[in-house]
Amino acid sequence: RPGAVVLGIESSCDETGVGLVRMGERDPATGQPRLELLGHQLASSSDQHARYGGVVPEIASRAHLEAMQPTMAAAFAKAGIDRDQVDAVAVTCGPGLAGALLVGVAAAKAYAAGWDLPLYGVNHLAGHIAADTLEHGPLPANTLALLVSGGHTQLLRAGDLGTNLEQLGSTVDDAAGEAYDKVARLLGLGYPGGPVIDQQAAAGDPAAIAFPRGLTGPRDNPYDFSFSGLKTAVARYVEGKRRAGEPVPVADVCASFQEAVADVLTAKTVRAARDIGADTVVIAGGVAANGRLRELAEIRCGDAGITLRVPRPGLCTDNGAMIAAIGALAIAAGAQPADPALTGNPGLP
Ligand code: KG4
Ligand code: ZN
């Protein structure tokens, strides 16, 4: 019902997120409720993983455990509401790290039981896409989503976000964010790699080095992606420079790598949108925060007459608001509360 408040809890990777979202009236065109973000809070353990070059599951789980209650309290303070104004709890139940998911699911069950509220288990990836509805309203039925995160890279039909996502293609090896993280690691730039490469690339020449565009041949699946060849090409280039005793032009490598990623992602997205007759494209997930991807997508969608929607960078990376949002959309679409035996499912499709 309009006015209902959904609490969202996220703990699938290294960010502990809590968000509070209020349902509004249903949009006549889509039948979906408009959503209002009341407030959200994040705690991150990324600093603790930096020296390992990637997320260490045990460290992430422990950090979630320590951060959960303070993050919850801070989210309520930001939203300016009390817990007796909440109507439902939504929690990420997958995909993600098993131990990390477990902390969020256990916390959500405890809050739901303690406050006598219905509990809903939701999909993290659908949550990424739902983040956009907090800013730009319900997604039209004819929407294509490009989901680009640390673990996934997929093209999806996203019109029935609250009930169903249909996959058109995905990466056959590394995810886009994973490629960013691996390239940052081999350049010695730390973890996570996306933000620092994004920053370094600003001072580089995107045409300096011709890196390969994976799966763009005439016989390749037009909706699938591959980033491991690109990562290897970057590694070979960097090793070659080091072996020759020449300095590695870090900014140029970052800019050229980033250009290759953004080029393939946007070209395939526009092609898929045209093929399925989608008039709206939404880009979601951590890599959607990338400056060049946003810029090139704007240009190419503009040329193709497609409306582009991308959440603000702070809502692209993992957060609790997106989980509250997908929870609200699922509830509005008739989802049933979770079984008390709800657990995390690391491999949730
Ligand atoms: O969606 P997300 O926060 O977590 C997952 O669900 O995986 O995505 C994290 C990924 C990381 O690989 C990170 O390097 C990448 O998103 N990322 C970026 C940027 N900010 C985060 N990649 C490129 N440019 C950015 N500005
Ligand atoms: Zn994510």
# chains A, B, ... in the order shown; residues from 1 in each chain; ligands from 1
call {"tool": "closest_atom_pairs", "arguments": {"of": "chain A", "to": "ligand 2", "cutoff": "9 Å", "atoms": "only C-alpha atoms and all ligand atoms", "output": "JSON lines"}}
result
{"residue": "A:Ser12", "atom": "CA", "partner": "ligand 2", "partner_atom_place_in_ligand_line": "1 (Zn)", "distance": 7.6}
{"residue": "A:Cys13", "atom": "CA", "partner": "ligand 2", "partner_atom_place_in_ligand_line": "1 (Zn)", "distance": 7.5}
{"residue": "A:Pro95", "atom": "CA", "partner": "ligand 2", "partner_atom_place_in_ligand_line": "1 (Zn)", "distance": 8.9}
{"residue": "A:Gly96", "atom": "CA", "partner": "ligand 2", "partner_atom_place_in_ligand_line": "1 (Zn)", "distance": 8.4}
{"residue": "A:His124", "atom": "CA", "partner": "ligand 2", "partner_atom_place_in_ligand_line": "1 (Zn)", "distance": 6.4}
{"residue": "A:Leu125", "atom": "CA", "partner": "ligand 2", "partner_atom_place_in_ligand_line": "1 (Zn)", "distance": 6.5}
{"residue": "A:Gly127", "atom": "CA", "partner": "ligand 2", "partner_atom_place_in_ligand_line": "1 (Zn)", "distance": 8.3}
{"residue": "A:His128", "atom": "CA", "partner": "ligand 2", "partner_atom_place_in_ligand_line": "1 (Zn)", "distance": 6.5}
{"residue": "A:Val148", "atom": "CA", "partner": "ligand 2", "partner_atom_place_in_ligand_line": "1 (Zn)", "distance": 8.6}
{"residue": "A:Ser149", "atom": "CA", "partner": "ligand 2", "partner_atom_place_in_ligand_line": "1 (Zn)", "distance": 5.6}
{"residue": "A:Gly150", "atom": "CA", "partner": "ligand 2", "partner_atom_place_in_ligand_line": "1 (Zn)", "distance": 6.8}
{"residue": "A:Gly151", "atom": "CA", "partner": "ligand 2", "partner_atom_place_in_ligand_line": "1 (Zn)", "distance": 7.6}
{"residue": "A:His152", "atom": "CA", "partner": "ligand 2", "partner_atom_place_in_ligand_line": "1 (Zn)", "distance": 8.4}
{"residue": "A:Gly285", "atom": "CA", "partner": "ligand 2", "partner_atom_place_in_ligand_line": "1 (Zn)", "distance": 5.7}
{"residue": "A:Gly286", "atom": "CA", "partner": "ligand 2", "partner_atom_place_in_ligand_line": "1 (Zn)", "distance": 6.3}
{"residue": "A:Cys316", "atom": "CA", "partner": "ligand 2", "partner_atom_place_in_ligand_line": "1 (Zn)", "distance": 8.1}
{"residue": "A:Thr317", "atom": "CA", "partner": "ligand 2", "partner_atom_place_in_ligand_line": "1 (Zn)", "distance": 6.1}
{"residue": "A:Asp318", "atom": "CA", "partner": "ligand 2", "partner_atom_place_in_ligand_line": "1 (Zn)", "distance": 4.6}
{"residue": "A:Asn319", "atom": "CA", "partner": "ligand 2", "partner_atom_place_in_ligand_line": "1 (Zn)", "distance": 7.9}
call {"tool": "write_last_selection", "arguments": {"atoms": "C-alpha atoms", "output": "compact mmCIF listing (two decimals), in the first residue's frame"}}
result
# COMPACT_ATOMS: atom_id res chain seq x y z
CA SER A 12 26.79 -10.07 -0.15
CA CYS A 13 30.36 -8.84 -0.57
CA PRO A 95 24.38 -14.28 -5.17
CA GLY A 96 27.47 -13.48 -3.11
CA HIS A 124 21.28 -8.79 -5.32
CA LEU A 125 21.54 -8.39 -9.10
CA GLY A 127 18.58 -4.97 -6.64
CA HIS A 128 21.30 -3.25 -8.65
CA VAL A 148 28.06 -4.70 -14.79
CA SER A 149 29.42 -5.59 -11.36
CA GLY A 150 32.44 -7.25 -9.78
CA GLY A 151 31.00 -10.73 -10.26
CA HIS A 152 28.56 -10.38 -13.18
CA GLY A 285 26.16 -2.36 -10.90
CA GLY A 286 29.49 -1.04 -9.63
CA CYS A 316 25.66 1.92 -8.59
CA THR A 317 27.98 0.19 -6.14
CA ASP A 318 26.56 -2.14 -3.47
CA ASN A 319 24.16 -0.54 -0.99
call {"tool": "residues_around", "arguments": {"residues": "Gln69 of chain A", "least_positions_apart": "6", "cutoff": "12 Å", "atoms": "only C-alpha atoms", "output": "ChimeraX atom specification"}}
result
/A:9,16-18,41-43,63,75-76,103-104,107-108,110-111
call {"tool": "write_last_selection", "arguments": {"atoms": "C-alpha atoms", "output": "compact mmCIF listing (two decimals), in the first residue's frame"}}
result
# COMPACT_ATOMS: atom_id res chain seq x y z
CA ILE A 9 19.77 -5.21 4.22
CA THR A 16 27.32 -3.64 4.77
CA GLY A 17 24.31 -1.65 3.56
CA VAL A 18 21.01 -0.68 5.15
CA GLN A 41 23.93 3.92 5.31
CA LEU A 42 27.02 1.98 4.23
CA ALA A 43 29.98 0.48 6.03
CA ALA A 63 33.31 -6.92 9.32
CA ALA A 75 20.26 4.37 8.47
CA PHE A 76 17.25 4.98 10.73
CA VAL A 103 25.40 -12.44 8.37
CA GLY A 104 22.83 -10.30 6.53
CA ALA A 107 20.37 -10.21 10.97
CA ALA A 108 17.30 -9.72 8.78
CA ALA A 110 16.33 -11.48 13.80
CA TYR A 111 14.99 -7.99 13.07
call {"tool": "atom_distance", "arguments": {"atom1": "atom CA of Ala289 of chain A", "atom2": "atom CA of Ser44 of chain A"}}
result
16.9 Å
call {"tool": "closest_residue", "arguments": {"among": "A:Gly3, A:Pro138, A:Gly302, A:Pro346", "to": "ligand 1", "atoms": "only C-alpha atoms and all ligand atoms"}}
result
A:Pro346
call {"tool": "residues_around", "arguments": {"residues": "Ala304 of chain A", "least_positions_apart": "5", "cutoff": "9 Å", "atoms": "only C-alpha atoms", "output": "PyMOL selection string"}}
result
chain A and resi 270+274+299
call {"tool": "closest_residue", "arguments": {"among": "A:Arg157, A:Gln200, A:Leu329, A:Glu246", "to": "Ile283 of chain A", "atoms": "only C-alpha atoms"}}
result
A:Arg157
call {"tool": "closest_residue", "arguments": {"among": "A:Ala284, A:Ala328, A:Ala67, A:Cys93", "to": "ligand 1", "atoms": "only C-alpha atoms and all ligand atoms"}}
result
A:Ala284
call {"tool": "select_by_dssp", "arguments": {"residues": "segment 43-208 of chain A", "states": "alpha helix (DSSP H)", "output": "PyMOL selection string"}}
result
chain A and resi 46-49+57-79+98-114+124-136+176-186+193-201
call {"tool": "residues_around", "arguments": {"residues": "Leu117 of chain A", "least_positions_apart": "6", "cutoff": "7 Å", "atoms": "only C-alpha atoms", "output": "list in words"}}
result
Asp87, Ala88 and Val89 of chain A
call {"tool": "residues_around", "arguments": {"residues": "Ala179 of chain A", "least_positions_apart": "6", "cutoff": "12 Å", "atoms": "only C-alpha atoms", "output": "number ranges by chain"}}
result
A: 54, 148-153, 171, 173, 185-186, 191-194, 197, 225-235, 254, 257-258, 260-261, 287
call {"tool": "write_last_selection", "arguments": {"atoms": "C-alpha atoms", "output": "PDB file, in the first residue's frame"}}
result
ATOM      1  CA  GLY A  54      40.705  -8.823  -3.523  1.00  0.00           C
ATOM      2  CA  VAL A 148      28.064  -4.702 -14.785  1.00  0.00           C
ATOM      3  CA  SER A 149      29.422  -5.586 -11.355  1.00  0.00           C
ATOM      4  CA  GLY A 150      32.437  -7.253  -9.778  1.00  0.00           C
ATOM      5  CA  GLY A 151      31.002 -10.730 -10.258  1.00  0.00           C
ATOM      6  CA  HIS A 152      28.564 -10.377 -13.180  1.00  0.00           C
ATOM      7  CA  THR A 153      28.235  -8.874 -16.636  1.00  0.00           C
ATOM      8  CA  THR A 171      30.302 -12.839 -19.856  1.00  0.00           C
ATOM      9  CA  ASP A 173      34.855 -15.545 -18.465  1.00  0.00           C
ATOM     10  CA  ARG A 185      46.339  -5.356  -9.347  1.00  0.00           C
ATOM     11  CA  LEU A 186      48.893  -5.935 -12.084  1.00  0.00           C
ATOM     12  CA  TYR A 191      41.679  -2.851  -4.621  1.00  0.00           C
ATOM     13  CA  PRO A 192      38.975  -2.079  -5.714  1.00  0.00           C
ATOM     14  CA  GLY A 193      40.415  -1.323  -9.126  1.00  0.00           C
ATOM     15  CA  GLY A 194      37.499   0.479 -10.780  1.00  0.00           C
ATOM     16  CA  ILE A 197      41.599   3.189 -12.957  1.00  0.00           C
ATOM     17  CA  PHE A 225      31.074 -10.691 -23.376  1.00  0.00           C
ATOM     18  CA  SER A 226      34.668 -11.763 -22.775  1.00  0.00           C
ATOM     19  CA  PHE A 227      37.230  -9.785 -20.797  1.00  0.00           C
ATOM     20  CA  SER A 228      39.963 -12.301 -20.042  1.00  0.00           C
ATOM     21  CA  GLY A 229      41.721 -11.755 -23.407  1.00  0.00           C
ATOM     22  CA  LEU A 230      41.767  -8.017 -22.725  1.00  0.00           C
ATOM     23  CA  LYS A 231      43.211  -8.587 -19.264  1.00  0.00           C
ATOM     24  CA  THR A 232      45.923 -10.842 -20.748  1.00  0.00           C
ATOM     25  CA  ALA A 233      46.731  -8.258 -23.423  1.00  0.00           C
ATOM     26  CA  VAL A 234      47.199  -5.608 -20.726  1.00  0.00           C
ATOM     27  CA  ALA A 235      49.397  -7.988 -18.711  1.00  0.00           C
ATOM     28  CA  CYS A 254      44.261   2.740 -17.834  1.00  0.00           C
ATOM     29  CA  PHE A 257      41.898  -0.467 -21.167  1.00  0.00           C
ATOM     30  CA  GLN A 258      38.885   1.541 -20.017  1.00  0.00           C
ATOM     31  CA  ALA A 260      38.139  -1.124 -24.708  1.00  0.00           C
ATOM     32  CA  VAL A 261      35.707  -2.062 -21.904  1.00  0.00           C
ATOM     33  CA  VAL A 287      31.045  -0.533 -13.067  1.00  0.00           C
TER      34      VAL A 287
END
call {"tool": "residues_around", "arguments": {"residues": "Val5 of chain A", "least_positions_apart": "5", "cutoff": "7 Å", "atoms": "only C-alpha atoms", "output": "ChimeraX atom specification"}}
result
/A:20-23,85-88
call {"tool": "decode", "arguments": {"residues": "segment 279-326 of chain A", "atoms": "N, CA and C atoms", "output": "short mmCIF file (atom, residue, chain, number, x, y, z; two decimals), in the first residue's frame"}}
result
data_model
loop_
_atom_site.label_atom_id
_atom_site.label_comp_id
_atom_site.auth_asym_id
_atom_site.auth_seq_id
_atom_site.Cartn_x
_atom_site.Cartn_y
_atom_site.Cartn_z
N ASP A 279 13.20 0.65 -25.93
CA ASP A 279 13.42 2.09 -26.10
C ASP A 279 14.12 2.71 -24.90
N THR A 280 14.33 1.88 -23.84
CA THR A 280 15.04 2.36 -22.66
C THR A 280 16.15 1.39 -22.30
N VAL A 281 17.31 1.95 -21.96
CA VAL A 281 18.43 1.14 -21.47
C VAL A 281 18.77 1.63 -20.07
N VAL A 282 18.95 0.67 -19.15
CA VAL A 282 19.42 1.04 -17.82
C VAL A 282 20.75 0.32 -17.59
N ILE A 283 21.72 1.06 -17.07
CA ILE A 283 23.02 0.46 -16.75
C ILE A 283 23.15 0.45 -15.23
N ALA A 284 23.51 -0.71 -14.67
CA ALA A 284 23.53 -0.86 -13.22
C ALA A 284 24.71 -1.69 -12.76
N GLY A 285 25.02 -1.63 -11.47
CA GLY A 285 26.16 -2.36 -10.90
C GLY A 285 27.36 -1.43 -10.74
N GLY A 286 28.35 -1.89 -9.99
CA GLY A 286 29.49 -1.04 -9.63
C GLY A 286 30.18 -0.38 -10.81
N VAL A 287 30.33 -1.09 -11.91
CA VAL A 287 31.04 -0.53 -13.07
C VAL A 287 30.23 0.59 -13.74
N ALA A 288 28.93 0.64 -13.47
CA ALA A 288 28.10 1.72 -14.01
C ALA A 288 28.52 3.07 -13.45
N ALA A 289 29.33 3.05 -12.38
CA ALA A 289 29.85 4.31 -11.84
C ALA A 289 30.95 4.89 -12.71
N ASN A 290 31.43 4.09 -13.67
CA ASN A 290 32.58 4.50 -14.48
C ASN A 290 32.28 5.69 -15.40
N GLY A 291 33.14 6.68 -15.33
CA GLY A 291 32.93 7.92 -16.08
C GLY A 291 32.86 7.72 -17.58
N ARG A 292 33.79 6.97 -18.14
CA ARG A 292 33.82 6.79 -19.59
C ARG A 292 32.66 5.93 -20.08
N LEU A 293 32.30 4.91 -19.30
CA LEU A 293 31.15 4.08 -19.69
C LEU A 293 29.88 4.93 -19.74
N ARG A 294 29.70 5.78 -18.76
CA ARG A 294 28.51 6.64 -18.72
C ARG A 294 28.48 7.59 -19.91
N GLU A 295 29.67 8.15 -20.21
CA GLU A 295 29.78 9.12 -21.29
C GLU A 295 29.50 8.48 -22.66
N LEU A 296 30.16 7.34 -22.91
CA LEU A 296 30.01 6.68 -24.20
C LEU A 296 28.59 6.13 -24.38
N ALA A 297 28.01 5.63 -23.28
CA ALA A 297 26.63 5.12 -23.34
C ALA A 297 25.67 6.26 -23.69
N GLU A 298 25.91 7.42 -23.11
CA GLU A 298 25.07 8.60 -23.39
C GLU A 298 25.13 8.95 -24.88
N ILE A 299 26.35 8.94 -25.43
CA ILE A 299 26.54 9.28 -26.85
C ILE A 299 25.86 8.24 -27.75
N ARG A 300 26.15 6.97 -27.48
CA ARG A 300 25.65 5.92 -28.39
C ARG A 300 24.14 5.70 -28.26
N CYS A 301 23.62 5.78 -27.05
CA CYS A 301 22.16 5.66 -26.89
C CYS A 301 21.48 6.87 -27.52
N GLY A 302 22.09 8.03 -27.35
CA GLY A 302 21.55 9.26 -27.96
C GLY A 302 21.45 9.11 -29.46
N ASP A 303 22.53 8.64 -30.08
CA ASP A 303 22.55 8.45 -31.54
C ASP A 303 21.48 7.45 -32.00
N ALA A 304 21.21 6.45 -31.14
CA ALA A 304 20.25 5.40 -31.51
C ALA A 304 18.82 5.75 -31.11
N GLY A 305 18.63 6.92 -30.51
CA GLY A 305 17.29 7.33 -30.08
C GLY A 305 16.76 6.53 -28.90
N ILE A 306 17.68 6.04 -28.07
CA ILE A 306 17.30 5.24 -26.90
C ILE A 306 17.46 6.08 -25.64
N THR A 307 16.49 5.99 -24.73
CA THR A 307 16.60 6.70 -23.46
C THR A 307 17.54 5.95 -22.54
N LEU A 308 18.56 6.63 -22.04
CA LEU A 308 19.53 5.98 -21.15
C LEU A 308 19.25 6.39 -19.71
N ARG A 309 19.26 5.40 -18.82
CA ARG A 309 19.11 5.67 -17.39
C ARG A 309 20.26 5.01 -16.63
N VAL A 310 20.93 5.78 -15.81
CA VAL A 310 22.00 5.24 -14.97
C VAL A 310 21.86 5.89 -13.59
N PRO A 311 21.88 5.08 -12.52
CA PRO A 311 21.78 5.69 -11.18
C PRO A 311 23.01 6.55 -10.89
N ARG A 312 22.89 7.44 -9.94
CA ARG A 312 24.07 8.23 -9.55
C ARG A 312 25.13 7.24 -9.02
N PRO A 313 26.43 7.59 -9.16
CA PRO A 313 27.48 6.62 -8.82
C PRO A 313 27.32 5.98 -7.44
N GLY A 314 26.89 6.73 -6.45
CA GLY A 314 26.75 6.19 -5.10
C GLY A 314 25.69 5.10 -4.98
N LEU A 315 24.78 5.03 -5.95
CA LEU A 315 23.76 3.97 -5.94
C LEU A 315 24.11 2.85 -6.91
N CYS A 316 25.23 2.99 -7.66
CA CYS A 316 25.66 1.92 -8.59
C CYS A 316 26.37 0.81 -7.82
N THR A 317 27.27 1.20 -6.92
CA THR A 317 27.98 0.19 -6.14
C THR A 317 27.04 -0.34 -5.04
N ASP A 318 27.44 -1.45 -4.42
CA ASP A 318 26.56 -2.14 -3.47
C ASP A 318 26.04 -1.21 -2.37
N ASN A 319 24.77 -1.36 -2.05
CA ASN A 319 24.16 -0.54 -0.99
C ASN A 319 22.86 -1.18 -0.51
N GLY A 320 22.33 -0.70 0.60
CA GLY A 320 21.10 -1.26 1.15
C GLY A 320 19.85 -0.68 0.53
N ALA A 321 19.96 0.54 -0.03
CA ALA A 321 18.79 1.19 -0.63
C ALA A 321 18.26 0.36 -1.79
N MET A 322 19.18 -0.20 -2.58
CA MET A 322 18.75 -0.98 -3.75
C MET A 322 18.03 -2.26 -3.33
N ILE A 323 18.39 -2.78 -2.16
CA ILE A 323 17.75 -3.99 -1.66
C ILE A 323 16.35 -3.67 -1.14
N ALA A 324 16.22 -2.53 -0.48
CA ALA A 324 14.88 -2.08 -0.08
C ALA A 324 14.02 -1.84 -1.32
N ALA A 325 14.64 -1.29 -2.37
CA ALA A 325 13.90 -0.98 -3.60
C ALA A 325 13.38 -2.25 -4.28
N ILE A 326 14.25 -3.23 -4.46
CA ILE A 326 13.78 -4.46 -5.13
C ILE A 326 12.79 -5.19 -4.22
#
